[in-house]
>>> print(open('work-v9.csv').read())   # CSV, N, CA, C and O atoms
chain,number,residue,atom,x,y,z
A,27,MET,N,95.0,109.8,94.0
A,27,MET,CA,96.0,109.2,94.8
A,27,MET,C,95.4,108.0,95.6
A,27,MET,O,94.2,108.1,96.0
A,28,LEU,N,96.1,106.9,95.7
A,28,LEU,CA,95.6,105.8,96.5
A,28,LEU,C,96.8,105.3,97.4
A,28,LEU,O,97.9,105.0,96.9
A,29,ALA,N,96.5,105.2,98.7
A,29,ALA,CA,97.5,104.8,99.6
A,29,ALA,C,96.8,103.8,100.6
A,29,ALA,O,95.6,103.9,100.9
A,30,VAL,N,97.6,102.8,101.1
A,30,VAL,CA,97.1,101.8,102.0
A,30,VAL,C,98.0,101.8,103.2
A,30,VAL,O,99.2,101.8,103.1
A,31,ARG,N,97.4,101.8,104.4
A,31,ARG,CA,98.2,101.7,105.6
A,31,ARG,C,98.2,100.2,106.1
A,31,ARG,O,97.1,99.6,106.1
A,32,MET,N,99.4,99.6,106.3
A,32,MET,CA,99.5,98.2,106.6
A,32,MET,C,100.4,98.0,107.8
A,32,MET,O,101.5,98.5,107.9
A,33,PRO,N,100.0,97.2,108.8
A,33,PRO,CA,100.9,96.8,109.9
A,33,PRO,C,101.9,95.8,109.3
A,33,PRO,O,101.6,95.0,108.5
A,34,THR,N,103.1,95.9,109.7
A,34,THR,CA,104.2,95.0,109.2
A,34,THR,C,105.1,94.5,110.4
A,34,THR,O,105.2,95.2,111.4
A,35,LEU,N,105.7,93.4,110.2
A,35,LEU,CA,106.7,93.0,111.1
A,35,LEU,C,108.1,93.5,110.6
A,35,LEU,O,108.9,93.9,111.5
A,36,PHE,N,108.4,93.4,109.3
A,36,PHE,CA,109.7,93.8,108.8
A,36,PHE,C,110.1,95.2,109.1
A,36,PHE,O,111.3,95.5,109.3
A,37,ALA,N,109.1,96.1,109.1
A,37,ALA,CA,109.5,97.5,109.4
A,37,ALA,C,109.3,97.9,110.8
A,37,ALA,O,109.7,99.0,111.2
A,38,GLY,N,108.8,97.1,111.6
A,38,GLY,CA,108.6,97.4,113.0
A,38,GLY,C,107.5,98.3,113.3
A,38,GLY,O,107.5,99.1,114.3
A,39,GLY,N,106.5,98.3,112.5
A,39,GLY,CA,105.3,99.2,112.7
A,39,GLY,C,104.5,99.3,111.5
A,39,GLY,O,104.6,98.5,110.5
A,40,THR,N,103.6,100.3,111.4
A,40,THR,CA,102.7,100.5,110.3
A,40,THR,C,103.4,101.2,109.2
A,40,THR,O,104.1,102.2,109.4
A,41,VAL,N,103.2,100.7,108.0
A,41,VAL,CA,103.8,101.3,106.8
A,41,VAL,C,102.6,101.9,105.9
A,41,VAL,O,101.6,101.3,105.8
A,42,LEU,N,102.8,103.1,105.4
A,42,LEU,CA,101.9,103.7,104.5
A,42,LEU,C,102.4,103.4,103.1
A,42,LEU,O,103.5,103.9,102.8
A,43,GLU,N,101.7,102.6,102.3
A,43,GLU,CA,102.2,102.3,100.9
A,43,GLU,C,101.4,103.2,99.9
A,43,GLU,O,100.2,103.0,99.9
A,44,LEU,N,102.1,104.0,99.2
A,44,LEU,CA,101.5,104.8,98.2
A,44,LEU,C,101.4,104.0,96.9
A,44,LEU,O,102.4,103.7,96.3
A,45,LEU,N,100.2,103.6,96.5
A,45,LEU,CA,100.0,102.7,95.4
A,45,LEU,C,99.8,103.5,94.1
A,45,LEU,O,100.2,103.0,93.0
A,46,GLU,N,99.2,104.6,94.1
A,46,GLU,CA,98.9,105.4,92.9
A,46,GLU,C,99.0,106.9,93.1
A,46,GLU,O,98.5,107.4,94.1
A,47,LEU,N,99.7,107.6,92.2
A,47,LEU,CA,99.7,109.0,92.3
A,47,LEU,C,99.8,109.5,90.8
A,47,LEU,O,100.8,109.1,90.1
A,48,THR,N,98.9,110.3,90.4
A,48,THR,CA,98.9,110.8,89.0
A,48,THR,C,98.6,112.3,89.0
A,48,THR,O,97.7,112.8,89.7
A,49,VAL,N,99.4,113.0,88.2
A,49,VAL,CA,99.2,114.4,87.9
A,49,VAL,C,99.0,114.6,86.4
A,49,VAL,O,99.8,114.0,85.7
A,50,ASP,N,98.0,115.3,86.0
A,50,ASP,CA,97.8,115.5,84.6
A,50,ASP,C,99.1,116.0,83.9
A,50,ASP,O,99.8,116.8,84.4
A,51,ALA,N,99.3,115.5,82.7
A,51,ALA,CA,100.5,115.8,82.0
A,51,ALA,C,100.7,117.3,81.8
A,51,ALA,O,101.8,117.8,82.0
A,52,GLU,N,99.6,118.0,81.6
A,52,GLU,CA,99.7,119.5,81.4
A,52,GLU,C,100.1,120.2,82.7
A,52,GLU,O,100.6,121.3,82.6
A,53,LEU,N,99.9,119.6,83.8
A,53,LEU,CA,100.2,120.2,85.1
A,53,LEU,C,101.5,119.8,85.8
A,53,LEU,O,101.8,120.3,86.8
A,54,ARG,N,102.1,118.8,85.2
A,54,ARG,CA,103.4,118.3,85.7
A,54,ARG,C,104.5,119.4,85.7
A,54,ARG,O,104.5,120.2,84.8
A,55,GLY,N,105.3,119.3,86.7
A,55,GLY,CA,106.4,120.2,86.8
A,55,GLY,C,106.1,121.5,87.6
A,55,GLY,O,107.0,122.3,87.8
A,56,GLY,N,104.9,121.6,88.1
A,56,GLY,CA,104.5,122.8,88.8
A,56,GLY,C,104.4,122.6,90.3
A,56,GLY,O,104.0,123.5,91.0
A,57,GLY,N,104.9,121.5,90.8
A,57,GLY,CA,104.9,121.2,92.2
A,57,GLY,C,103.7,120.5,92.8
A,57,GLY,O,103.7,120.3,94.1
A,58,ILE,N,102.7,120.2,92.0
A,58,ILE,CA,101.5,119.5,92.6
A,58,ILE,C,101.9,118.1,93.1
A,58,ILE,O,101.5,117.8,94.2
A,59,GLY,N,102.6,117.3,92.4
A,59,GLY,CA,103.0,116.0,92.8
A,59,GLY,C,103.8,116.1,94.1
A,59,GLY,O,103.6,115.3,95.1
A,60,SER,N,104.8,117.0,94.2
A,60,SER,CA,105.6,117.2,95.4
A,60,SER,C,104.8,117.6,96.6
A,60,SER,O,105.0,117.1,97.7
A,61,ALA,N,103.8,118.4,96.3
A,61,ALA,CA,102.9,118.9,97.4
A,61,ALA,C,102.1,117.7,97.9
A,61,ALA,O,101.9,117.5,99.1
A,62,LEU,N,101.6,116.9,97.0
A,62,LEU,CA,100.8,115.7,97.4
A,62,LEU,C,101.7,114.7,98.2
A,62,LEU,O,101.2,114.2,99.2
A,63,ILE,N,102.9,114.5,97.8
A,63,ILE,CA,103.8,113.6,98.6
A,63,ILE,C,104.1,114.2,100.0
A,63,ILE,O,104.1,113.5,101.0
A,64,ARG,N,104.3,115.5,100.1
A,64,ARG,CA,104.6,116.1,101.4
A,64,ARG,C,103.3,115.9,102.3
A,64,ARG,O,103.5,115.7,103.5
A,65,ALA,N,102.1,116.0,101.7
A,65,ALA,CA,100.9,115.8,102.5
A,65,ALA,C,100.8,114.4,103.0
A,65,ALA,O,100.4,114.1,104.1
A,66,VAL,N,101.2,113.4,102.1
A,66,VAL,CA,101.2,112.0,102.5
A,66,VAL,C,102.2,111.8,103.6
A,66,VAL,O,101.9,111.1,104.6
A,67,GLN,N,103.4,112.4,103.5
A,67,GLN,CA,104.4,112.2,104.5
A,67,GLN,C,103.9,112.8,105.9
A,67,GLN,O,104.1,112.2,106.9
A,68,ALA,N,103.3,113.9,105.8
A,68,ALA,CA,102.8,114.6,107.0
A,68,ALA,C,101.7,113.7,107.7
A,68,ALA,O,101.7,113.5,108.9
A,69,ARG,N,100.8,113.1,106.9
A,69,ARG,CA,99.8,112.3,107.5
A,69,ARG,C,100.4,111.0,108.0
A,69,ARG,O,99.9,110.5,109.1
A,70,ALA,N,101.4,110.5,107.4
A,70,ALA,CA,102.0,109.2,107.9
A,70,ALA,C,102.7,109.5,109.2
A,70,ALA,O,102.6,108.8,110.2
A,71,GLU,N,103.4,110.7,109.3
A,71,GLU,CA,104.1,111.0,110.5
A,71,GLU,C,103.1,111.2,111.6
A,71,GLU,O,103.3,110.8,112.8
A,72,ALA,N,102.0,111.9,111.4
A,72,ALA,CA,100.9,112.2,112.4
A,72,ALA,C,100.3,110.9,112.9
A,72,ALA,O,99.9,110.8,114.0
A,73,ALA,N,100.2,109.9,112.0
A,73,ALA,CA,99.6,108.6,112.3
A,73,ALA,C,100.5,107.7,113.0
A,73,ALA,O,100.2,106.6,113.5
A,74,GLY,N,101.8,108.0,113.0
A,74,GLY,CA,102.8,107.2,113.7
A,74,GLY,C,103.4,106.1,112.8
A,74,GLY,O,104.0,105.1,113.2
A,75,ASP,N,103.1,106.2,111.5
A,75,ASP,CA,103.7,105.2,110.5
A,75,ASP,C,105.2,105.3,110.5
A,75,ASP,O,105.8,106.3,110.7
A,76,VAL,N,105.8,104.1,110.4
A,76,VAL,CA,107.3,104.1,110.4
A,76,VAL,C,107.9,104.3,109.1
A,76,VAL,O,109.1,104.6,109.0
A,77,GLU,N,107.2,104.1,108.0
A,77,GLU,CA,107.7,104.3,106.6
A,77,GLU,C,106.6,104.7,105.7
A,77,GLU,O,105.4,104.4,105.9
A,78,VAL,N,107.0,105.4,104.6
A,78,VAL,CA,106.1,105.5,103.5
A,78,VAL,C,106.8,104.8,102.3
A,78,VAL,O,108.0,105.1,102.1
A,79,THR,N,106.2,103.9,101.7
A,79,THR,CA,106.8,103.1,100.6
A,79,THR,C,106.0,103.4,99.3
A,79,THR,O,104.8,103.7,99.3
A,80,VAL,N,106.8,103.3,98.2
A,80,VAL,CA,106.2,103.5,96.9
A,80,VAL,C,106.7,102.4,95.9
A,80,VAL,O,107.9,102.4,95.5
A,81,PRO,N,105.8,101.5,95.5
A,81,PRO,CA,106.3,100.5,94.5
A,81,PRO,C,106.2,101.1,93.1
A,81,PRO,O,105.1,101.2,92.5
A,82,THR,N,107.3,101.5,92.6
A,82,THR,CA,107.3,102.1,91.2
A,82,THR,C,108.6,101.8,90.5
A,82,THR,O,109.7,101.7,91.1
A,83,ARG,N,108.5,101.8,89.2
A,83,ARG,CA,109.7,101.7,88.4
A,83,ARG,C,109.8,102.9,87.5
A,83,ARG,O,110.9,103.2,86.9
A,84,ARG,N,108.8,103.7,87.4
A,84,ARG,CA,108.7,104.8,86.4
A,84,ARG,C,109.1,106.1,86.9
A,84,ARG,O,109.4,107.0,86.2
A,85,ALA,N,109.0,106.3,88.3
A,85,ALA,CA,109.2,107.6,88.8
A,85,ALA,C,110.3,107.7,89.9
A,85,ALA,O,110.2,108.5,90.8
A,86,GLY,N,111.2,106.9,89.7
A,86,GLY,CA,112.3,106.8,90.8
A,86,GLY,C,113.0,108.1,91.0
A,86,GLY,O,113.2,108.5,92.2
A,87,GLU,N,113.3,108.8,90.0
A,87,GLU,CA,114.1,110.1,90.2
A,87,GLU,C,113.2,111.1,90.9
A,87,GLU,O,113.7,111.9,91.8
A,88,PHE,N,111.9,111.1,90.6
A,88,PHE,CA,111.0,112.0,91.3
A,88,PHE,C,111.0,111.8,92.8
A,88,PHE,O,111.2,112.7,93.6
A,89,TYR,N,110.9,110.5,93.2
A,89,TYR,CA,110.9,110.1,94.6
A,89,TYR,C,112.2,110.3,95.3
A,89,TYR,O,112.3,110.7,96.4
A,90,ARG,N,113.3,110.1,94.6
A,90,ARG,CA,114.7,110.4,95.1
A,90,ARG,C,114.8,111.9,95.5
A,90,ARG,O,115.4,112.2,96.5
A,91,ARG,N,114.3,112.7,94.6
A,91,ARG,CA,114.4,114.2,94.9
A,91,ARG,C,113.6,114.6,96.1
A,91,ARG,O,113.9,115.6,96.8
A,92,LEU,N,112.6,113.8,96.5
A,92,LEU,CA,111.8,114.0,97.7
A,92,LEU,C,112.3,113.3,98.9
A,92,LEU,O,111.6,113.2,99.9
A,93,GLY,N,113.5,112.7,98.8
A,93,GLY,CA,114.1,112.1,100.0
A,93,GLY,C,113.9,110.6,100.2
A,93,GLY,O,114.3,110.0,101.2
A,94,PHE,N,113.3,109.9,99.2
A,94,PHE,CA,113.1,108.5,99.2
A,94,PHE,C,114.3,107.8,98.8
A,94,PHE,O,115.1,108.3,97.9
A,95,ASP,N,114.6,106.6,99.4
A,95,ASP,CA,115.7,105.7,99.0
A,95,ASP,C,115.2,104.5,98.4
A,95,ASP,O,114.2,103.9,98.9
A,96,GLU,N,115.9,104.0,97.3
A,96,GLU,CA,115.5,102.7,96.7
A,96,GLU,C,116.0,101.6,97.6
A,96,GLU,O,117.2,101.6,97.9
A,97,THR,N,115.2,100.7,98.0
A,97,THR,CA,115.6,99.7,99.0
A,97,THR,C,115.3,98.2,98.6
A,97,THR,O,115.8,97.4,99.3
A,98,ALA,N,114.5,98.0,97.6
A,98,ALA,CA,114.1,96.6,97.4
A,98,ALA,C,113.7,96.4,95.9
A,98,ALA,O,113.3,97.3,95.2
A,99,ALA,N,113.8,95.1,95.5
A,99,ALA,CA,113.2,94.7,94.2
A,99,ALA,C,111.8,94.4,94.4
A,99,ALA,O,111.3,94.0,95.5
A,100,TYR,N,111.0,94.5,93.4
A,100,TYR,CA,109.6,94.2,93.5
A,100,TYR,C,109.3,93.0,92.7
A,100,TYR,O,109.6,93.0,91.5
A,101,PHE,N,108.9,91.9,93.3
A,101,PHE,CA,108.6,90.7,92.6
A,101,PHE,C,107.1,90.5,92.5
A,101,PHE,O,106.3,90.9,93.4
A,102,LYS,N,106.7,89.9,91.4
A,102,LYS,CA,105.3,89.6,91.2
A,102,LYS,C,105.1,88.2,90.5
A,102,LYS,O,106.0,87.8,89.8
A,103,TRP,N,104.0,87.6,90.7
A,103,TRP,CA,103.7,86.4,90.1
A,103,TRP,C,102.3,86.5,89.4
A,103,TRP,O,101.4,87.0,90.0
A,104,SER,N,102.2,86.0,88.2
A,104,SER,CA,100.9,86.0,87.5
A,104,SER,C,100.6,84.5,87.1
A,104,SER,O,101.5,83.8,86.7
A,105,PRO,N,99.4,84.1,87.3
A,105,PRO,CA,99.0,82.7,87.0
A,105,PRO,C,99.0,82.4,85.5
A,105,PRO,O,99.0,81.2,85.1
A,106,ASN,N,99.1,83.4,84.6
A,106,ASN,CA,99.1,83.1,83.2
A,106,ASN,C,100.4,83.2,82.5
A,106,ASN,O,101.2,83.9,82.6
>>> encode(input="work-v9.csv", output="structure tokens")
Amino acid sequence: MLAVRMPTLFAGGTVLELLELTVDAELRGGGIGSALIRAVQARAEAAGDVEVTVPTRRAGEFYRRLGFDETAAYFKWSPN
């Protein structure tokens, strides 16, 4: 798991952005990922973060089940 805490103007405080979360394929469906997300949410709340965000296209339904709302498009630019 990789997360970054960032101060923001748009959210009105610090945001914890979850950049990477992986559970071995053989272990998926057993609640490990959900437990990790709950731990991230608890740490964000304890730190006073105003949001936890996740830039993902592949796991939307997983995060929706955990109470996340889809709120924005993700834009990127590559020089090539």
>>> residues_around(input="work-v9.csv", residues="Val41 in chain A", least_positions_apart="6", cutoff="7 Å", atoms="all atoms listed in the file", output="PyMOL selection string")
chain A and resi 30-34+74-79
>>> residues_around(input="work-v9.csv", residues="range 84-90 of chain A", least_positions_apart="5", cutoff="8 Å", atoms="all atoms listed in the file", output="list in words")
Ser60, Asp95 and Glu96 of chain A
>>> atom_distance(input="work-v9.csv", atom1="CA of Glu46 in chain A", atom2="atom N of Leu62 in chain A")
12.5 Å
>>> residues_around(input="work-v9.csv", residues="Ala73 in chain A", least_positions_apart="6", cutoff="8 Å", atoms="all atoms listed in the file", output="list in words")
Thr40, Val66 and Gln67 of chain A
>>> atom_distance(input="work-v9.csv", atom1="atom N of Leu42 in chain A", atom2="atom N of Ala29 in chain A")
9.4 Å
>>> closest_residue(input="work-v9.csv", among="A:Val80, A:Ile58, A:Ile63, A:Ala70", to="Leu45 in chain A", atoms="all atoms listed in the file")
A:Val80
>>> atom_distance(input="work-v9.csv", atom1="atom C of Gly56 in chain A", atom2="CA of Ala98 in chain A")
28.6 Å
>>> closest_residue(input="work-v9.csv", among="A:Arg91, A:Leu35, A:Asn106, A:Phe101", to="Gly59 in chain A", atoms="only C-alpha atoms")
A:Arg91
>>> select_by_dssp(input="work-v9.csv", residues="chain A", states="strand (DSSP E)", output="MDAnalysis selection string")
chainID A and resid 28:34 39:46 77:79
>>> select_by_dssp(input="work-v9.csv", residues="chain A", states="alpha helix (DSSP H)", output="PyMOL selection string")
chain A and resi 58-73+86-91
>>> build_atoms(input="work-v9.csv", residues="range 74-85 of chain A", atoms="all heavy atoms", output="compact mmCIF listing (two decimals), in the coordinates of the input")
# COMPACT_ATOMS: atom_id res chain seq x y z
N GLY A 74 101.80 108.00 113.00
CA GLY A 74 102.80 107.20 113.70
C GLY A 74 103.40 106.10 112.80
O GLY A 74 104.00 105.10 113.20
N ASP A 75 103.10 106.20 111.50
CA ASP A 75 103.70 105.20 110.50
C ASP A 75 105.20 105.30 110.50
O ASP A 75 105.80 106.30 110.70
CB ASP A 75 103.19 105.50 109.09
CG ASP A 75 101.68 105.39 108.96
OD1 ASP A 75 101.06 104.62 109.72
OD2 ASP A 75 101.11 106.09 108.10
N VAL A 76 105.80 104.10 110.40
CA VAL A 76 107.30 104.10 110.40
C VAL A 76 107.90 104.30 109.10
O VAL A 76 109.10 104.60 109.00
CB VAL A 76 107.83 102.78 111.07
CG1 VAL A 76 107.37 102.67 112.53
CG2 VAL A 76 107.39 101.56 110.28
N GLU A 77 107.20 104.10 108.00
CA GLU A 77 107.70 104.30 106.60
C GLU A 77 106.60 104.70 105.70
O GLU A 77 105.40 104.40 105.90
CB GLU A 77 108.30 103.01 106.07
CG GLU A 77 109.53 102.51 106.73
CD GLU A 77 110.04 101.23 106.08
OE1 GLU A 77 109.31 100.58 105.31
OE2 GLU A 77 111.18 100.87 106.37
N VAL A 78 107.00 105.40 104.60
CA VAL A 78 106.10 105.50 103.50
C VAL A 78 106.80 104.80 102.30
O VAL A 78 108.00 105.10 102.10
CB VAL A 78 105.88 107.03 103.09
CG1 VAL A 78 105.08 107.14 101.80
CG2 VAL A 78 105.17 107.76 104.23
N THR A 79 106.20 103.90 101.70
CA THR A 79 106.80 103.10 100.60
C THR A 79 106.00 103.40 99.30
O THR A 79 104.80 103.70 99.30
CB THR A 79 106.84 101.63 100.88
OG1 THR A 79 105.51 101.15 101.04
CG2 THR A 79 107.65 101.34 102.13
N VAL A 80 106.80 103.30 98.20
CA VAL A 80 106.20 103.50 96.90
C VAL A 80 106.70 102.40 95.90
O VAL A 80 107.90 102.40 95.50
CB VAL A 80 106.54 104.87 96.29
CG1 VAL A 80 105.83 105.12 94.97
CG2 VAL A 80 106.25 105.97 97.29
N PRO A 81 105.80 101.50 95.50
CA PRO A 81 106.30 100.50 94.50
C PRO A 81 106.20 101.10 93.10
O PRO A 81 105.10 101.20 92.50
CB PRO A 81 105.30 99.31 94.69
CG PRO A 81 104.05 99.96 95.21
CD PRO A 81 104.50 101.17 95.98
N THR A 82 107.30 101.50 92.60
CA THR A 82 107.30 102.10 91.20
C THR A 82 108.60 101.80 90.50
O THR A 82 109.70 101.70 91.10
CB THR A 82 107.07 103.65 91.30
OG1 THR A 82 106.96 104.17 89.99
CG2 THR A 82 108.20 104.35 92.03
N ARG A 83 108.50 101.80 89.20
CA ARG A 83 109.70 101.70 88.40
C ARG A 83 109.80 102.90 87.50
O ARG A 83 110.90 103.20 86.90
CB ARG A 83 109.64 100.47 87.46
CG ARG A 83 109.77 99.19 88.19
CD ARG A 83 109.87 98.03 87.21
NE ARG A 83 109.78 96.79 87.94
CZ ARG A 83 108.99 95.81 87.63
NH1 ARG A 83 108.20 95.88 86.60
NH2 ARG A 83 108.97 94.72 88.35
N ARG A 84 108.80 103.70 87.40
CA ARG A 84 108.70 104.80 86.40
C ARG A 84 109.10 106.10 86.90
O ARG A 84 109.40 107.00 86.20
CB ARG A 84 107.32 104.83 85.76
CG ARG A 84 106.99 103.58 85.00
CD ARG A 84 105.61 103.52 84.46
NE ARG A 84 104.90 104.79 84.39
CZ ARG A 84 103.70 104.93 83.93
NH1 ARG A 84 103.04 103.88 83.49
NH2 ARG A 84 103.12 106.09 83.90
N ALA A 85 109.00 106.30 88.30
CA ALA A 85 109.20 107.60 88.80
C ALA A 85 110.30 107.70 89.90
O ALA A 85 110.20 108.50 90.80
CB ALA A 85 107.84 108.11 89.39
